[in-house]
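Colleague: Got a file for you: target01.txt, compact mmCIF, C-alpha atoms and all ligand atoms.
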# COMPACT_ATOMS: atom_id res chain seq x y z
CA MET A 293 48.90 -6.32 6.85
CA LEU A 294 47.77 -3.37 4.69
CA CYS A 295 50.50 -0.89 3.75
CA LYS A 296 49.97 2.76 4.72
CA SER A 297 49.06 3.97 1.21
CA ALA A 298 46.42 1.21 0.80
CA VAL A 299 44.79 2.27 4.09
CA LEU A 300 44.77 5.92 3.03
CA SER A 301 43.17 5.21 -0.35
CA SER A 302 40.44 3.02 1.20
CA LEU A 303 39.62 5.85 3.62
CA ASN A 304 38.48 8.00 0.70
CA ASP A 305 36.76 5.39 -1.45
CA LEU A 306 33.00 5.15 -1.45
CA VAL A 307 31.37 1.74 -1.64
CA THR A 308 27.69 0.77 -1.84
CA GLY A 309 25.78 -1.96 -0.10
CA THR A 310 22.63 -3.01 1.73
CA VAL A 311 22.00 -2.83 5.47
CA VAL A 312 21.31 -6.38 6.62
CA ALA A 313 21.11 -5.88 10.40
CA VAL A 314 20.69 -2.98 12.80
CA GLN A 315 21.32 -2.82 16.49
CA ALA A 316 21.47 0.38 18.53
CA ASN A 317 23.80 2.64 16.56
CA PHE A 318 25.51 -0.06 14.53
CA TYR A 319 24.71 -1.31 11.06
CA MET A 320 25.91 -4.45 9.31
CA VAL A 321 26.30 -3.54 5.65
CA GLN A 322 26.62 -6.16 2.95
CA LEU A 323 28.63 -4.69 0.09
CA THR A 324 27.88 -5.46 -3.55
CA THR A 325 31.12 -7.44 -3.53
CA GLY A 326 29.65 -9.76 -0.89
CA ARG A 327 31.91 -8.48 1.88
CA ARG A 328 30.38 -7.24 5.16
CA LEU A 329 31.26 -4.05 7.03
CA LEU A 330 30.24 -3.05 10.53
CA CYS A 331 29.25 0.61 10.23
CA THR A 332 28.27 3.65 12.22
CA LYS A 333 26.24 6.55 10.87
CA ARG A 334 27.94 9.81 9.95
CA GLU A 335 27.24 12.72 12.27
CA LYS A 336 25.79 14.68 9.33
CA LEU A 337 23.07 12.05 8.79
CA LYS A 338 22.20 12.09 12.49
CA LYS A 339 21.85 15.88 12.40
CA ILE A 340 19.37 15.84 9.52
CA GLY A 341 17.45 13.00 11.20
CA THR A 342 18.05 10.36 8.53
CA THR A 343 17.07 6.94 9.79
CA VAL A 344 18.81 3.80 8.63
CA ILE A 345 16.91 0.51 8.71
CA ALA A 346 17.49 -3.00 7.42
CA GLY A 347 17.10 -3.16 3.64
CA ASP A 348 18.37 0.39 3.09
CA ALA A 349 20.71 0.90 0.15
CA VAL A 350 23.62 2.91 1.55
CA THR A 351 26.92 4.45 0.60
CA VAL A 352 29.81 3.78 2.94
CA SER A 353 32.97 5.80 3.31
CA ASP A 354 36.09 5.58 5.48
CA TRP A 355 36.06 1.83 5.39
CA GLN A 356 39.04 0.10 6.76
CA GLY A 357 39.32 -3.54 7.75
CA GLU A 358 35.78 -4.50 8.71
CA ARG A 359 34.57 -1.04 9.74
CA GLY A 360 33.03 1.85 7.88
CA ALA A 361 30.74 4.90 8.13
CA ILE A 362 27.41 5.29 6.35
CA VAL A 363 27.35 8.62 4.52
CA SER A 364 24.13 8.44 2.52
CA VAL A 365 20.90 6.48 2.25
CA ALA A 366 19.04 6.01 -1.05
CA ASN A 367 15.31 6.79 -1.38
CA ARG A 368 13.21 3.79 -0.37
CA ARG A 369 11.06 1.88 -2.86
CA SER A 370 8.89 0.62 0.00
CA GLU A 371 8.92 0.66 3.77
CA LEU A 372 7.58 -1.79 6.29
CA ASP A 373 7.21 -0.57 9.86
CA ARG A 374 6.80 -3.77 11.88
CA PRO A 375 9.50 -5.01 11.60
CA PRO A 376 11.23 -1.93 10.10
CA ILE A 377 12.57 -3.01 6.69
CA ALA A 378 13.15 -0.87 3.59
CA ASN A 379 12.87 -1.82 -0.08
CA VAL A 380 10.82 -4.96 0.47
CA ASP A 381 9.74 -6.44 -2.89
CA ALA A 382 7.41 -9.16 -1.63
CA VAL A 383 5.69 -10.52 1.43
CA LEU A 384 5.82 -14.31 1.44
CA LEU A 385 2.89 -15.38 3.55
CA VAL A 386 3.53 -18.83 4.96
CA PHE A 387 0.77 -21.09 6.21
CA ALA A 388 0.89 -24.81 6.98
CA LEU A 389 -1.43 -27.31 5.29
CA ALA A 390 -1.67 -29.06 8.68
CA GLU A 391 -0.31 -28.62 12.22
CA PRO A 392 -1.76 -26.04 12.50
CA GLU A 393 -4.66 -26.47 10.07
CA ILE A 394 -5.60 -23.53 7.82
CA GLU A 395 -8.44 -21.43 9.19
CA PRO A 396 -9.78 -19.60 6.11
CA LEU A 397 -10.83 -16.44 7.97
CA THR A 398 -7.42 -16.13 9.64
CA LEU A 399 -5.66 -16.71 6.32
CA SER A 400 -7.81 -13.96 4.79
CA LYS A 401 -6.86 -11.60 7.59
CA PHE A 402 -3.15 -12.26 7.06
CA LEU A 403 -3.58 -11.75 3.30
CA VAL A 404 -5.35 -8.42 3.84
CA LYS A 405 -2.64 -7.32 6.27
CA ALA A 406 0.06 -8.33 3.77
CA GLU A 407 -1.72 -6.44 0.96
CA GLY A 408 -1.60 -3.37 3.19
CA VAL A 409 2.20 -3.30 2.88
CA GLY A 410 1.70 -2.34 -0.77
CA VAL A 411 4.05 -4.91 -2.28
CA ASN A 412 3.61 -8.21 -4.09
CA VAL A 413 1.94 -10.87 -1.88
CA GLN A 414 3.04 -14.47 -2.45
CA LEU A 415 1.41 -17.40 -0.67
CA CYS A 416 3.38 -20.46 0.36
CA LEU A 417 1.80 -23.51 2.03
CA ASN A 418 4.26 -25.59 3.99
CA LYS A 419 4.07 -29.13 5.41
CA SER A 420 2.63 -30.64 2.21
CA ASP A 421 3.97 -33.97 3.49
CA LEU A 422 1.16 -34.05 6.06
CA ILE A 423 -1.80 -34.24 3.64
CA SER A 424 -2.69 -36.27 0.52
CA VAL A 425 -2.18 -35.04 -3.04
CA ALA A 426 -5.97 -34.90 -3.52
CA GLU A 427 -6.34 -32.69 -0.43
CA GLN A 428 -3.49 -30.48 -1.65
CA GLN A 429 -5.29 -29.96 -4.96
CA VAL A 430 -8.44 -28.78 -3.15
CA TRP A 431 -6.43 -26.02 -1.47
CA VAL A 432 -4.63 -25.06 -4.68
CA ASP A 433 -7.94 -24.61 -6.53
CA ARG A 434 -9.65 -22.85 -3.65
CA LEU A 435 -6.84 -20.32 -3.08
CA ALA A 436 -6.31 -19.69 -6.78
CA ALA A 437 -9.97 -18.59 -6.84
CA TRP A 438 -9.12 -16.13 -4.05
CA GLY A 439 -6.46 -14.66 -6.33
CA TYR A 440 -3.50 -16.31 -4.59
CA PRO A 441 -2.29 -19.43 -6.42
CA PRO A 442 -0.18 -20.99 -3.65
CA LEU A 443 3.21 -22.62 -3.85
CA LEU A 444 3.14 -25.90 -1.90
CA VAL A 445 6.34 -26.94 -0.16
CA SER A 446 7.68 -29.23 2.51
CA THR A 447 10.88 -28.50 4.34
CA HIS A 448 10.86 -32.14 5.44
CA THR A 449 10.68 -33.79 1.99
CA ASN A 450 12.12 -30.83 0.02
CA ASP A 451 9.07 -30.86 -2.30
CA GLY A 452 8.51 -27.47 -3.99
CA MET A 453 11.66 -25.98 -2.50
CA GLU A 454 13.39 -25.51 -5.86
CA MET A 455 10.42 -23.50 -7.15
CA LEU A 456 10.52 -21.39 -4.00
CA ARG A 457 14.24 -20.74 -4.47
CA GLN A 458 13.59 -19.46 -7.98
CA GLN A 459 10.69 -17.31 -6.87
CA LEU A 460 12.76 -15.57 -4.17
CA GLN A 461 15.82 -14.94 -6.31
CA ASN A 462 17.01 -11.31 -6.43
CA GLN A 463 14.23 -9.83 -4.34
CA ILE A 464 13.97 -8.65 -0.74
CA THR A 465 11.35 -10.88 0.84
CA VAL A 466 9.71 -10.73 4.23
CA LEU A 467 8.22 -13.88 5.70
CA ALA A 468 4.97 -13.55 7.59
CA GLY A 469 2.62 -16.06 9.14
CA HIS A 470 1.49 -17.78 12.30
CA SER A 471 3.89 -19.11 14.82
CA GLY A 472 4.73 -22.75 14.09
CA VAL A 473 3.99 -22.85 10.35
CA GLY A 474 7.68 -23.37 9.58
CA LYS A 475 9.12 -19.96 8.68
CA SER A 476 12.42 -20.59 10.43
CA SER A 477 12.55 -24.11 8.96
CA LEU A 478 12.08 -22.60 5.48
CA ILE A 479 14.93 -20.16 5.95
CA ALA A 480 17.12 -22.95 7.27
CA ALA A 481 16.30 -25.04 4.16
CA LEU A 482 16.92 -22.11 1.81
CA ILE A 483 20.23 -21.26 3.45
CA PRO A 484 21.66 -24.60 4.52
CA ASP A 485 24.62 -23.22 6.48
CA LEU A 486 22.52 -21.00 8.66
CA HIS A 487 21.38 -22.44 11.93
CA LEU A 488 18.17 -20.87 13.08
CA ARG A 489 16.59 -22.05 16.22
CA VAL A 490 13.75 -24.27 15.18
CA ALA A 491 11.29 -25.04 17.91
CA ALA A 492 9.28 -28.20 18.28
CA VAL A 493 5.53 -27.85 17.84
CA SER A 494 4.34 -27.46 21.37
CA GLY A 495 1.64 -26.09 23.60
CA LYS A 496 -2.10 -26.38 23.74
CA LEU A 497 -2.70 -24.99 20.27
CA ASN A 498 -0.23 -27.37 18.71
CA ARG A 499 1.80 -24.42 17.53
CA GLY A 500 5.48 -23.66 17.84
CA ARG A 501 6.66 -21.21 20.46
CA HIS A 502 7.88 -17.72 19.63
CA THR A 503 11.51 -18.31 18.97
CA THR A 504 12.57 -15.73 16.40
CA ARG A 505 13.94 -12.72 18.24
CA HIS A 506 16.06 -10.66 15.93
CA VAL A 507 15.24 -8.81 12.67
CA GLU A 508 17.86 -9.70 10.16
CA LEU A 509 18.08 -9.97 6.38
CA PHE A 510 19.66 -13.25 5.35
CA GLU A 511 21.43 -13.63 2.04
CA LEU A 512 20.06 -16.35 -0.23
CA PRO A 513 22.69 -18.50 -1.98
CA ASN A 514 21.38 -17.52 -5.46
CA GLY A 515 20.98 -13.81 -4.69
CA GLY A 516 18.27 -11.97 -2.82
CA LEU A 517 17.64 -11.28 0.85
CA ILE A 518 15.03 -12.68 3.18
CA ALA A 519 13.85 -11.73 6.68
CA ASP A 520 12.09 -13.92 9.19
CA THR A 521 9.59 -12.16 11.45
CA PRO A 522 8.37 -13.35 14.82
CA GLY A 523 5.11 -15.23 14.39
CA PHE A 524 2.05 -13.28 15.40
CA ASN A 525 -1.37 -14.74 16.00
CA GLN A 526 -3.99 -12.19 15.04
CA PRO A 527 -2.87 -9.35 12.82
CA ASP A 528 -4.93 -6.23 13.57
CA LEU A 529 -6.70 -4.63 10.62
CA THR A 530 -5.85 -0.96 10.40
CA CYS A 531 -7.24 0.25 7.10
CA THR A 532 -10.17 2.28 5.79
CA PRO A 533 -13.11 0.60 3.99
CA ILE A 534 -11.87 1.97 0.65
CA GLU A 535 -8.40 0.53 1.25
CA LEU A 536 -9.93 -2.76 2.35
CA ALA A 537 -11.75 -3.13 -0.97
CA SER A 538 -8.45 -2.69 -2.79
CA TYR A 539 -6.88 -5.50 -0.72
CA PHE A 540 -9.23 -8.16 -2.16
CA PRO A 541 -8.16 -9.37 -5.64
CA GLU A 542 -11.73 -10.59 -6.16
CA LEU A 543 -12.91 -6.95 -5.88
CA ARG A 544 -9.95 -5.33 -7.58
CA ASN A 545 -10.47 -7.49 -10.65
CA GLN A 546 -14.07 -6.45 -11.21
CA HIS A 547 -14.21 -2.88 -9.93
CA VAL A 548 -15.17 -1.68 -13.42
CA ASN A 549 -18.61 -3.10 -12.64
CA CYS A 550 -19.13 -0.52 -9.90
CA GLN A 551 -19.87 3.07 -10.85
CA PHE A 552 -19.08 4.65 -7.46
CA SER A 553 -15.61 5.71 -6.36
CA ASP A 554 -16.37 5.39 -2.63
CA CYS A 555 -18.63 2.31 -2.74
CA ARG A 556 -18.52 -0.27 0.05
CA HIS A 557 -19.94 -2.88 -2.33
CA GLU A 558 -22.56 -4.00 0.16
CA ASP A 559 -26.15 -3.45 -0.98
CA GLU A 560 -25.83 -0.09 -2.71
CA PRO A 561 -28.26 0.19 -5.64
CA GLY A 562 -26.18 0.72 -8.77
CA CYS A 563 -23.25 -1.39 -7.51
CA GLY A 564 -23.05 -4.08 -10.14
CA LEU A 565 -20.45 -6.22 -8.44
CA ASP A 566 -20.74 -9.95 -8.39
CA ARG A 567 -20.91 -11.07 -4.75
CA THR A 568 -20.88 -14.79 -5.31
CA TRP A 569 -17.26 -15.36 -4.40
CA GLU A 570 -16.15 -17.35 -1.38
CA ARG A 571 -14.52 -14.57 0.59
CA TYR A 572 -17.35 -12.08 0.25
CA GLU A 573 -18.40 -12.91 3.83
CA HIS A 574 -14.84 -12.28 5.02
CA TYR A 575 -14.94 -8.94 3.26
CA ARG A 576 -18.22 -7.99 5.01
CA ASN A 577 -16.76 -9.10 8.32
CA PHE A 578 -13.57 -7.00 7.90
CA LEU A 579 -15.60 -4.05 6.60
CA LEU A 580 -17.13 -3.61 10.06
CA ILE A 581 -13.64 -3.51 11.61
CA ALA A 582 -12.42 -1.07 8.95
CA GLN A 583 -15.41 1.23 9.52
CA GLN A 584 -14.72 1.26 13.27
CA TRP A 585 -11.06 1.95 12.66
CA GLU A 586 -11.85 4.85 10.34
CA GLN A 587 -14.18 6.35 12.95
CA GLN A 588 -11.54 6.03 15.66
CA GLN A 589 -8.98 7.76 13.45
CA ALA A 590 -11.41 10.61 12.77
CA GLN A 591 -12.07 11.01 16.51
CA GLN A 592 -8.38 11.12 17.31
CA ARG A 593 -7.91 13.93 14.82
CA GLN A 594 -10.45 16.14 16.65
CA PRO A 595 -8.75 19.07 18.44
CA GLU A 596 -10.00 18.16 21.96
CA ASN A 597 -8.22 14.85 21.65
CA GLN A 598 -4.86 16.54 21.19
CA TRP A 599 -5.02 17.35 24.90
CA LYS A 600 -5.16 15.09 27.90
CA GLN A 601 -6.30 15.83 31.45
CA ARG A 602 -3.67 15.88 34.09
CA HIS A 603 -4.72 15.38 37.72
CA GLN A 604 -2.44 16.42 40.52
CA SER A 605 -3.49 15.79 44.09
CA GLY A 606 -4.96 18.88 45.72
CA THR A 607 -5.21 20.94 42.49
CA ALA A 608 -7.80 21.25 39.75
CA ALA A 609 -7.33 19.12 36.66
CA THR A 610 -5.29 20.82 33.93
CA LEU A 611 -4.97 20.06 30.24
CA GLU A 612 -1.66 19.32 28.58
CA PRO A 613 -0.81 18.29 25.02
CA ARG A 614 -0.58 14.61 24.30
CA LEU A 615 2.92 13.53 23.38
CA ALA A 616 3.40 11.83 20.06
CA ALA A 617 4.37 8.40 21.34
CA LYS A 618 7.51 7.72 19.33
CA GLN A 619 8.95 11.17 18.96
CA PHE A 620 9.52 11.75 22.65
CA ARG A 621 10.52 8.29 23.72
CA ARG A 622 14.02 8.36 25.04
CA PRO A 623 16.33 5.49 24.10
CA SER A 624 16.80 3.17 27.03
CA ARG A 625 20.07 3.26 28.91
CA ARG A 626 20.66 -0.28 27.76
CA SER A 627 20.55 0.64 24.09
CA GLN A 628 22.60 3.78 24.68
CA ASN A 629 25.32 1.78 26.34
CA GLN A 630 25.28 -1.02 23.86
CA ASP A 631 28.71 -1.33 22.40
CA LEU A 632 30.19 -3.00 19.40
CA THR A 633 31.12 -6.14 21.28
CA GLU A 634 27.56 -6.64 22.41
CA PHE A 635 26.28 -6.15 18.87
CA THR A 636 28.64 -8.62 17.26
CA SER A 637 28.20 -11.17 20.01
CA SER A 638 24.39 -10.94 19.80
CA LEU A 639 24.62 -11.29 16.02
CA ASN A 640 26.79 -14.33 16.56
CA ASP A 641 24.25 -15.80 18.98
CA ASP A 642 21.45 -15.44 16.51
CA LEU A 643 23.34 -16.44 13.43
CA ASP A 644 25.85 -18.84 14.84
CA ILE A 645 28.60 -16.98 13.07
CA ASN A 646 32.02 -16.51 14.62
CA ASP A 647 34.76 -13.98 14.21
CA GLN A 648 36.25 -16.01 11.41
CA ASP A 649 33.05 -15.60 9.36
CA LEU A 650 32.99 -11.85 9.97
CA GLU A 651 36.53 -11.57 8.66
CA ASP A 652 35.76 -13.45 5.44
N1 LIG A 701 5.65 -32.19 8.95
C1 LIG A 701 6.33 -31.06 8.76
N2 LIG A 701 6.71 -30.30 9.81
C2 LIG A 701 7.42 -29.18 9.59
C3 LIG A 701 7.76 -28.75 8.27
N3 LIG A 701 8.45 -27.58 8.36
C4 LIG A 701 8.55 -27.30 9.67
N4 LIG A 701 7.94 -28.25 10.42
C5 LIG A 701 7.84 -28.29 11.90
O1 LIG A 701 7.00 -27.25 12.35
C6 LIG A 701 7.44 -26.77 13.64
C7 LIG A 701 7.58 -25.25 13.65
O2 LIG A 701 8.60 -24.85 12.74
P1 LIG A 701 9.34 -23.44 12.86
O3 LIG A 701 10.23 -23.37 11.67
O4 LIG A 701 9.90 -23.22 14.19
O5 LIG A 701 8.09 -22.46 12.69
P2 LIG A 701 8.09 -20.83 12.70
O6 LIG A 701 7.06 -20.43 11.72
O7 LIG A 701 9.45 -20.30 12.49
O8 LIG A 701 7.60 -20.51 14.16
P3 LIG A 701 7.84 -19.13 14.99
O9 LIG A 701 9.30 -18.82 14.97
O10 LIG A 701 7.32 -19.48 16.31
O11 LIG A 701 7.02 -18.09 14.29
C8 LIG A 701 8.75 -27.51 13.92
O12 LIG A 701 8.44 -28.60 14.77
C9 LIG A 701 9.19 -28.02 12.55
O13 LIG A 701 9.94 -29.22 12.61
C10 LIG A 701 7.34 -29.58 7.16
O14 LIG A 701 7.59 -29.31 5.98
N5 LIG A 701 6.63 -30.70 7.47
MG MG A 702 10.62 -18.90 13.62
ZN ZN A 703 -19.79 -1.06 -5.46
Would you give me this structure, written as structure tokens?
Modeller:
Amino acid sequence: MLCKSAVLSSLNDLVTGTVVAVQANFYMVQLTTGRRLLCTKREKLKKIGTTVIAGDAVTVSDWQGERGAIVSVANRRSELDRPPIANVDAVLLVFALAEPEIEPLTLSKFLVKAEGVGVNVQLCLNKSDLISVAEQQVWVDRLAAWGYPPLLVSTHTNDGMEMLRQQLQNQITVLAGHSGVGKSSLIAALIPDLHLRVAAVSGKLNRGRHTTRHVELFELPNGGLIADTPGFNQPDLTCTPIELASYFPELRNQHVNCQFSDCRHEDEPGCGLDRTWERYEHYRNFLLIAQQWEQQQAQQRQPENQWKQRHQSGTAATLEPRLAAKQFRRPSRRSQNQDLTEFTSSLNDDLDINDQDLED
């Protein structure tokens, strides 16, 4: 039992921490001391429209027992929108050396997508137990030439896991990669007392099912936070041709050889770039998608596209402004009604933690 004066002093103290999970209007904040507080957001922050997402560095006031109120949010170093996570330091792209086999074009697409986040991209190849050392070396050399020397690991034999632990220390990392490559298995191996649901490889494509439901930053035993993301099969490329060129290390590293600032590095006379690198064909392939995307964006910005036709039976068609999708979406009744009990119990479901753990 806390005495009355202790409660009163804690009500005024400010503490800092990191948001590790968000659901509806509740935020799980991990304090610098390691303790966790279940927080709401101060009315003042709501009024000025401040959003709070996982990874945010926050200041908490009025904390008492396991509850608190977020009073301020620090400026973000980086921001990921799907899933929403702030202050990400690195994307760890996970592929499997087998089951499923690496498709180079797909790997390239994931790498380009990861580069688009604007943070450090680290490549990890799991399931090294499934191929020979000679075959492993071929991949190491090949991907190093792409600009991504990979870290080979196996969650089954533990090979490479110590290196991975060191690499992830003290950073906020987001895992990305195909379904079934072993992202959840990696997290389970990195954080032995955390039970994630690991699915068996199944289905026609010999890939695991989508089993990861909840965005959550997990604390690594040696410091640092890591988030699993639901596996996705084909990341869409949403960048301009200029951005695309900056997402290829092979191009970035030799751009001094090109005298144009807006060059596509195709066949332009005067572009002195070396094109004899393996992924040049991938680049040409993605360039077409990027050009289409840029055109679409330009079309959407045209004034006539700000309006949509509305047809009502019996009347002439009228024009009305298009709604910005997110801004006007009302929260569902389910999320409005979601209470604290539901939040903690869903956290418990996903993390296998019980009330005892929350009190620690
Ligand atoms: N041989 C081998 N299999 C592994 C290894 N790591 C994971 N697996 C298996 O790969 C399958 C998929 O693993 P998950 O951890 O569920 O993969 P995931 O990337 O989280 O999949 P999603 O949640 O669907 O995105 C499971 O059957 C694991 O047992 C490994 O190092 N070697
Ligand atoms: Mg998973
Ligand atoms: Zn050029």
Colleague: Rounded to one decimal, what separation in Å do you get between atom CA of Ala388 of chain A and atom CA of Gln458 of chain A?
Modeller: 20.3 Å
Colleague: What does the distance between atom CA of Lys333 of chain A and atom CA of Phe318 of chain A come to in Å, to one decimal place?
Modeller: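 Calculated distance between atom CA of Lys333 of chain A and atom CA of Phe318 of chain A is 7.6 Å.
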Colleague: Please put the answer as lines of an AutoDock Vina configuration file: centre and edge lengths, in Å with one decimal, of a box along x, y and z that encloses all listed atoms of ligand LIG 701 (chain A) plus 6 Å on each side.
Modeller:
center_x = 7.9
center_y = -25.1
center_z = 11.1
size_x = 16.6
size_y = 26.1
size_z = 22.3
Colleague: Compare A:Ile534, A:Val386, A:Val404, A:Leu580 by their minimum atom-to-atom distance to ligand LIG 701 (chain A), counting all atoms listed in the file, and give me the closest one.
Modeller: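 The shortest atom-to-atom distance to ligand LIG 701 (chain A) comes from A:Val386.
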Colleague: Rank A:Leu399, A:Ala390, A:Leu443, A:Ile483 by their smallest atom-to-atom distance to ligand LIG 701 (chain A), using all atoms listed in the file, and report the top residue only.
Modeller: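 Selected residue with least distance to ligand LIG 701 (chain A): A:Ala390.
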Colleague: Could you work out how far atom CA of Thr398 of chain A lies from atom CA of Glu560 of chain A, giving the answer in Å with one decimal?
Modeller: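 Computed distance, atom CA of Glu560 of chain A to atom CA of Thr398 of chain A, equals 27.4 Å.
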Colleague: Taking only C-alpha atoms and all ligand atoms into account, which of A:Ala316, A:Ala537, A:Ala480, A:Ile377 comes nearest ligand LIG 701 (chain A)?
Modeller: A:Ala480
Colleague: Counting all atoms listed in the file, which protein, DNA or RNA residues come within 7 Å of ligand ZN 703 (chain A), given as a list in words?
Modeller: Cys550, Gln551, Phe552, Cys555, Arg556, His557, Glu558, Glu560, Cys563, Gly564 and Leu565 of chain A
